[in-house]
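Take a look at the structure set out below.
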Amino acid sequence: MNYLNYIWEILPALAEGVKITMIMTATSMGLAAVLAVFLALGKMYGPKPVKAFCSFYIELFRGTPLLVQLFIIYFGLPEVGINLPSLIAAIVGFALNSGAYQAEYLRGAIQSIKEGQLEAARSVGMSFFASMRTIILPQALRRVIPSWSNDVIYTLKYTSVAFMIGAQELTSVGKIMAGRYFRFADTFIVVGAIYLILVYIFSTSVDKLERKLRIPGFEMRD
Amino acid sequence: MEAIANQLTLLWDNSPALLKGLEVTLELGFSFFALGFVVAIFIALGIVYGPRYLSSLFSGFSWIFRSLPAIILLFIFYYGPSKIGINLSPFWAAMLALGLRHAGYQTHYFRGAIQSIGTGQLEAARSLGLSLPRALFEVILPQMLRFSLPASANEYAITIKDTSLAFSIGVVEILQQGNYIIAREYNPLTVYITIAIIYWIITRAGTRFFAYLEDRYMIPGFELER
């Protein structure tokens with residue numbers, strides 16, 4: 001079987017894998033974004049114990065390998081009675097991990113907005129949450145898009161380690177196909193090309209999103 | 001309480017294996033980091049100062065290695081060379097794959113640092129009669145390395161943890177040693193948490209070292225202006 005025929009042969013299976021990869025990335029990034037908002041706000045404005053907890057959480061998840069985190073969630077937690085199927089375990093792992101990174105980006109973005117804005121909002125009688133929701137976060141979230149998109153791409157690439165806990169995503173399917181036809185190098189070059197295409201599509205569409213959400217005159221100045 | 005004591009004795013009994021794994025992890029970590037660092041210096045200088053074809057070739061290299069998942073690179077470097085008759089050991093395959101990937105990222109930081117230096121300095125050095133390589137290595141490089149230290153520290157913290165992926169192609173580093181222990185004793189939670197703590201220490205120690213370097217090699221008055 002020549003190379004092109006081989007690619008044609010395994011493409012349908014790989015397409016299934018791409019679907020799982022996309023689902024995994026999208027779900028975990030959605031969860032991570034929400035988590036990141038709470039972690040960042042908790043670390044910056046929370047009472048002392050909350051502050052300490054958020055800092056500890058961020059330090060912990062940024063300081064240890066994602067793969068070890070996945071192993072703890074998938075192989076370790078059953079020891080204390082929590083059994084998660086591999087896809088869910090992977091999504092939870094990516095969300096918890098990426099949430100920690102994104103919280104730090106978001107914190108940077110919030111700090112880049114002048115403190116006076118929050119004080120002004122509070123002094124005209126807005127509650128803390130209202131001023132966060134309507135004044136600070138709309139600006140901070142726009143500024144965080146570039147680093148956020150970096151992290152999404154990072155996670156998209158990193159979903160490839162989920163095969164080690166048995167999730168059936170793109171790399172996992174590639175591995176199965178490679179084993180079935182005994183063509184390892186060929187298969188992983190195709191799988192690599194698919195990742196390149198996914199990363200390219202994503203990074204160009206984020207650029208578009210960023211342009212679309214831009215408010216003229218409110219660009220980041222540095 | 002007794003359960004915890006049991007786990008600790010288990011860990012103690014198995015610590016030689018973990019230490020052996022740690023040694024491999026550190027060896028792999030240092031060698032791929034060094035490889036990536038040196039390759040990135042040349043690629044970054046090539047992108048900024050090289051002729052156009054070299055510049056676009058190197059940019060393409062950097063983009064591909066940044067866009068591919070580490071695990072795919074490991075597989076390609078492990079299974080690929082054997083197709084053309086070269087057999088790389090898992091350790092070497094891992095070192096090359098992670099090292100070149102690291103070079104792809106590091107290039108980006110070096111390039112940013114070079115661009116912050118300003119073109120006038122190179123022109124001045126050239127007009128004083130320094131050859132291009134000498135101007136690059138004696139004027140640009142020392143500043144580039146200094147300016148890129150904070151980003152390099154960050155990059156270290158991210159990439160050093162990727163050594164944990166190398167076990168997937170058969171490098172017996174700390175995570176794989178941990179898997180062996182788990183296969184014998186069935187105590188995944190304890191072992192993986194211990195490994196996580198060890199990784200955390202490696203990461204912390206490294207970023208502290210970079211902070212020290214930054215402090216040690218700072219030239220007063222030559223800080224990056226923002």
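Letters for chains follow the order of the structure tokens (A, B, ...), residue numbers begin at 1 for each chain, and ligand numbers begin at 1 in the order shown.
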
Counting only C-alpha atoms, give me one row per residue of chain B with an atom at most 9 Å from an atom of chain A, showing the shortest contact pair and its distance in Å to one decimal, sorted by chain then residue number, as a Markdown table.
```
| residue | atom | partner | partner_atom | distance |
| --- | --- | --- | --- | --- |
| B:Ile64 | CA | A:Leu196 | CA | 7.4 |
| B:Ser67 | CA | A:Leu196 | CA | 5.9 |
| B:Leu68 | CA | A:Gly192 | CA | 6.1 |
| B:Pro69 | CA | A:Lys157 | CA | 4.6 |
| B:Ala70 | CA | A:Lys157 | CA | 7.7 |
| B:Ile71 | CA | A:Ser160 | CA | 6.7 |
| B:Ile72 | CA | A:Gly192 | CA | 6.2 |
| B:Leu73 | CA | A:Gly192 | CA | 7.9 |
| B:Phe75 | CA | A:Phe188 | CA | 6.8 |
| B:Ile76 | CA | A:Ala185 | CA | 5.7 |
| B:Phe77 | CA | A:Ala185 | CA | 8.4 |
| B:Tyr78 | CA | A:Ala185 | CA | 8.3 |
| B:Tyr79 | CA | A:Ala185 | CA | 5.1 |
| B:Gly80 | CA | A:Ala185 | CA | 4.7 |
| B:Pro81 | CA | A:Ala185 | CA | 8.4 |
| B:Ser82 | CA | A:Ala185 | CA | 8.7 |
| B:Lys83 | CA | A:Ala185 | CA | 7.4 |
| B:Ala157 | CA | A:Gly63 | CA | 7.4 |
| B:Ile158 | CA | A:Arg62 | CA | 8.2 |
| B:Ile160 | CA | A:Pro65 | CA | 8.6 |
| B:Lys161 | CA | A:Pro65 | CA | 4.9 |
| B:Asp162 | CA | A:Pro65 | CA | 6.9 |
| B:Thr163 | CA | A:Pro65 | CA | 8.8 |
| B:Ser164 | CA | A:Pro65 | CA | 7.0 |
| B:Leu165 | CA | A:Leu67 | CA | 7.3 |
| B:Ser168 | CA | A:Met164 | CA | 8.1 |
| B:Leu175 | CA | A:Val68 | CA | 7.9 |
| B:Asn187 | CA | A:Gly76 | CA | 7.8 |
| B:Pro188 | CA | A:Gly76 | CA | 5.0 |
| B:Leu189 | CA | A:Gly76 | CA | 4.1 |
| B:Thr190 | CA | A:Gly76 | CA | 7.9 |
| B:Val191 | CA | A:Gly76 | CA | 8.9 |
| B:Tyr192 | CA | A:Ile72 | CA | 6.1 |
| B:Ile193 | CA | A:Ile72 | CA | 7.2 |
| B:Ile195 | CA | A:Val68 | CA | 7.6 |
| B:Ala196 | CA | A:Thr64 | CA | 5.4 |
| B:Ile197 | CA | A:Thr64 | CA | 7.3 |
| B:Ile198 | CA | A:Thr64 | CA | 8.5 |
| B:Tyr199 | CA | A:Thr64 | CA | 5.6 |
| B:Trp200 | CA | A:Gly63 | CA | 4.8 |
| B:Ile201 | CA | A:Gly63 | CA | 8.2 |
| B:Ile202 | CA | A:Gly63 | CA | 8.8 |
| B:Thr203 | CA | A:Gly63 | CA | 6.2 |
| B:Arg204 | CA | A:Gly63 | CA | 7.4 |
| B:Arg226 | CA | A:Asp222 | CA | 7.3 |
```

Taking 6 positions as the minimum chain separation for residues in the same chain, which residues sit within 12 Å of A:Pro138 when counting only C-alpha atoms? Answer as a ChimeraX atom specification.
/A:37,106,109-110,113,130-132,144-145,213-215,218

Suppose we keep N, CA and C atoms; can you now write the selection as a JSON list (two decimals), in the first residue's frame?
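Writing done, so here's selection_36.json:
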```
[["chain", "number", "residue", "atom", "x", "y", "z"],
["A", 37, "VAL", "N", -11.39, 32.94, 36.29],
["A", 37, "VAL", "CA", -11.95, 34.18, 36.79],
["A", 37, "VAL", "C", -12.04, 34.13, 38.32],
["A", 106, "LEU", "N", -4.94, 36.36, 33.63],
["A", 106, "LEU", "CA", -6.05, 37.25, 33.91],
["A", 106, "LEU", "C", -5.67, 38.24, 35.01],
["A", 109, "ALA", "N", -3.79, 40.91, 33.51],
["A", 109, "ALA", "CA", -4.65, 41.81, 32.74],
["A", 109, "ALA", "C", -5.42, 42.74, 33.67],
["A", 110, "ILE", "N", -5.93, 42.18, 34.79],
["A", 110, "ILE", "CA", -6.69, 43.02, 35.73],
["A", 110, "ILE", "C", -5.78, 44.09, 36.33],
["A", 113, "ILE", "N", -5.20, 47.27, 34.41],
["A", 113, "ILE", "CA", -6.25, 48.29, 34.36],
["A", 113, "ILE", "C", -6.13, 49.15, 35.61],
["A", 130, "ALA", "N", -20.72, 44.23, 40.88],
["A", 130, "ALA", "CA", -21.22, 44.97, 39.72],
["A", 130, "ALA", "C", -20.07, 45.69, 39.02],
["A", 131, "SER", "N", -19.17, 46.29, 39.81],
["A", 131, "SER", "CA", -18.08, 47.03, 39.15],
["A", 131, "SER", "C", -17.11, 46.06, 38.46],
["A", 132, "MET", "N", -16.91, 44.90, 39.08],
["A", 132, "MET", "CA", -16.08, 43.89, 38.42],
["A", 132, "MET", "C", -16.71, 43.47, 37.10],
["A", 144, "VAL", "N", -6.83, 39.86, 27.81],
["A", 144, "VAL", "CA", -6.25, 38.56, 28.10],
["A", 144, "VAL", "C", -6.36, 37.62, 26.90],
["A", 145, "ILE", "N", -7.08, 38.06, 25.86],
["A", 145, "ILE", "CA", -7.29, 37.18, 24.69],
["A", 145, "ILE", "C", -5.98, 36.61, 24.11],
["A", 213, "LEU", "N", -13.51, 42.23, 18.63],
["A", 213, "LEU", "CA", -13.91, 42.69, 19.96],
["A", 213, "LEU", "C", -13.22, 43.99, 20.36],
["A", 214, "ARG", "N", -12.29, 44.46, 19.51],
["A", 214, "ARG", "CA", -11.50, 45.62, 19.89],
["A", 214, "ARG", "C", -12.38, 46.86, 19.99],
["A", 215, "ILE", "N", -12.16, 47.64, 21.06],
["A", 215, "ILE", "CA", -12.86, 48.92, 21.17],
["A", 215, "ILE", "C", -11.86, 50.00, 20.81],
["A", 218, "PHE", "N", -9.26, 51.95, 23.12],
["A", 218, "PHE", "CA", -9.04, 51.25, 24.38],
["A", 218, "PHE", "C", -8.00, 50.15, 24.25]]
```

With a distance cut-off of 9 Å and only C-alpha atoms, select the neighbouring residues of B:Ser152, excluding the residue or stretch itself and same-chain residues fewer than 3 positions from it, and output the selection as JSON, numbers by chain.
{"B": [106, 109, 110, 148, 149, 155, 156, 157, 210]}

Selection export as a short mmCIF file (atom, residue, chain, number, x, y, z; two decimals), in the first residue's frame, atoms kept: C-alpha atoms:
```
data_model
loop_
_atom_site.label_atom_id
_atom_site.label_comp_id
_atom_site.auth_asym_id
_atom_site.auth_seq_id
_atom_site.Cartn_x
_atom_site.Cartn_y
_atom_site.Cartn_z
CA GLN B 106 13.44 29.93 22.85
CA TYR B 109 12.28 35.00 23.11
CA PHE B 110 15.76 35.62 21.70
CA SER B 148 15.80 37.08 27.48
CA LEU B 149 16.47 35.71 30.97
CA GLU B 155 10.10 28.68 29.45
CA TYR B 156 12.23 26.50 31.71
CA ALA B 157 9.34 26.12 34.13
CA PHE B 210 17.37 31.93 36.72
#
```

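Those residues that approach B:Gly50 to within 12 Å, counting only C-alpha atoms, are Phe42, Ile43, Ala44, Leu45, Ser55, Ser56, Leu57, Phe58, Ser59, Leu132, Pro133 and Leu136 of chain B; same-chain residues fewer than 5 positions away are not listed.
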
I need the residues in stretch 44-216 of chain A that are alpha helix (DSSP H) according to DSSP; give them as a PyMOL selection string.
chain A and resi 44-45+48-63+66-71+86-111+115-123+128-131+137-158+170-181+184-213

What's around stretch 12-28 of chain A at 6 Å? Count only C-alpha atoms, leave out sequence neighbours fewer than 4 positions away in its own chain, and write the answer as a list in words.
Ala32, Ile91, Phe94, Ala95, Leu156, Glu169, Leu170 and Val173 of chain A

With a distance cut-off of 9 Å and only C-alpha atoms, select the neighbouring residues of B:Glu214, excluding the residue or stretch itself and same-chain residues fewer than 4 positions from it, and output the selection as a PyMOL selection string.
chain B and resi 146-147+149-150+209-210+218

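A straight line drawn from atom CA of A:Leu41 to atom CA of A:Arg107 is 7.6 Å long.
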
Nearest to B:Ser62, chosen from B:Gly99, B:Pro220, B:Gly21, B:Gly85, with only C-alpha atoms counted in the distances
B:Gly99

Please provide the set of residues having any atom within 10 Å of B:Gly170, restricted to only C-alpha atoms, with same-chain residues fewer than 5 positions apart removed, written as a ChimeraX atom specification.
/B:78,89-91,94,165,176

Filtering to N, CA and C atoms, could you give me those residues as a CSV table (one decimal), in the first residue's frame?
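Output file selection_4.csv is given in full below:
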```
chain,number,residue,atom,x,y,z
B,78,TYR,N,11.4,9.1,17.4
B,78,TYR,CA,11.7,7.8,17.9
B,78,TYR,C,11.5,6.7,16.8
B,89,SER,N,18.5,5.7,20.4
B,89,SER,CA,18.1,5.2,21.7
B,89,SER,C,16.9,6.1,22.2
B,90,PRO,N,16.0,5.6,23.0
B,90,PRO,CA,14.9,6.4,23.5
B,90,PRO,C,15.4,7.7,24.1
B,91,PHE,N,16.5,7.7,24.8
B,91,PHE,CA,17.0,8.9,25.5
B,91,PHE,C,17.4,9.9,24.5
B,94,ALA,N,14.4,11.4,22.7
B,94,ALA,CA,13.7,12.3,23.6
B,94,ALA,C,14.5,13.6,23.6
B,165,LEU,N,7.0,13.3,29.7
B,165,LEU,CA,6.4,12.6,28.5
B,165,LEU,C,7.3,11.6,27.9
B,176,GLN,N,8.4,6.8,35.0
B,176,GLN,CA,8.3,5.3,34.7
B,176,GLN,C,8.8,4.5,35.8
```
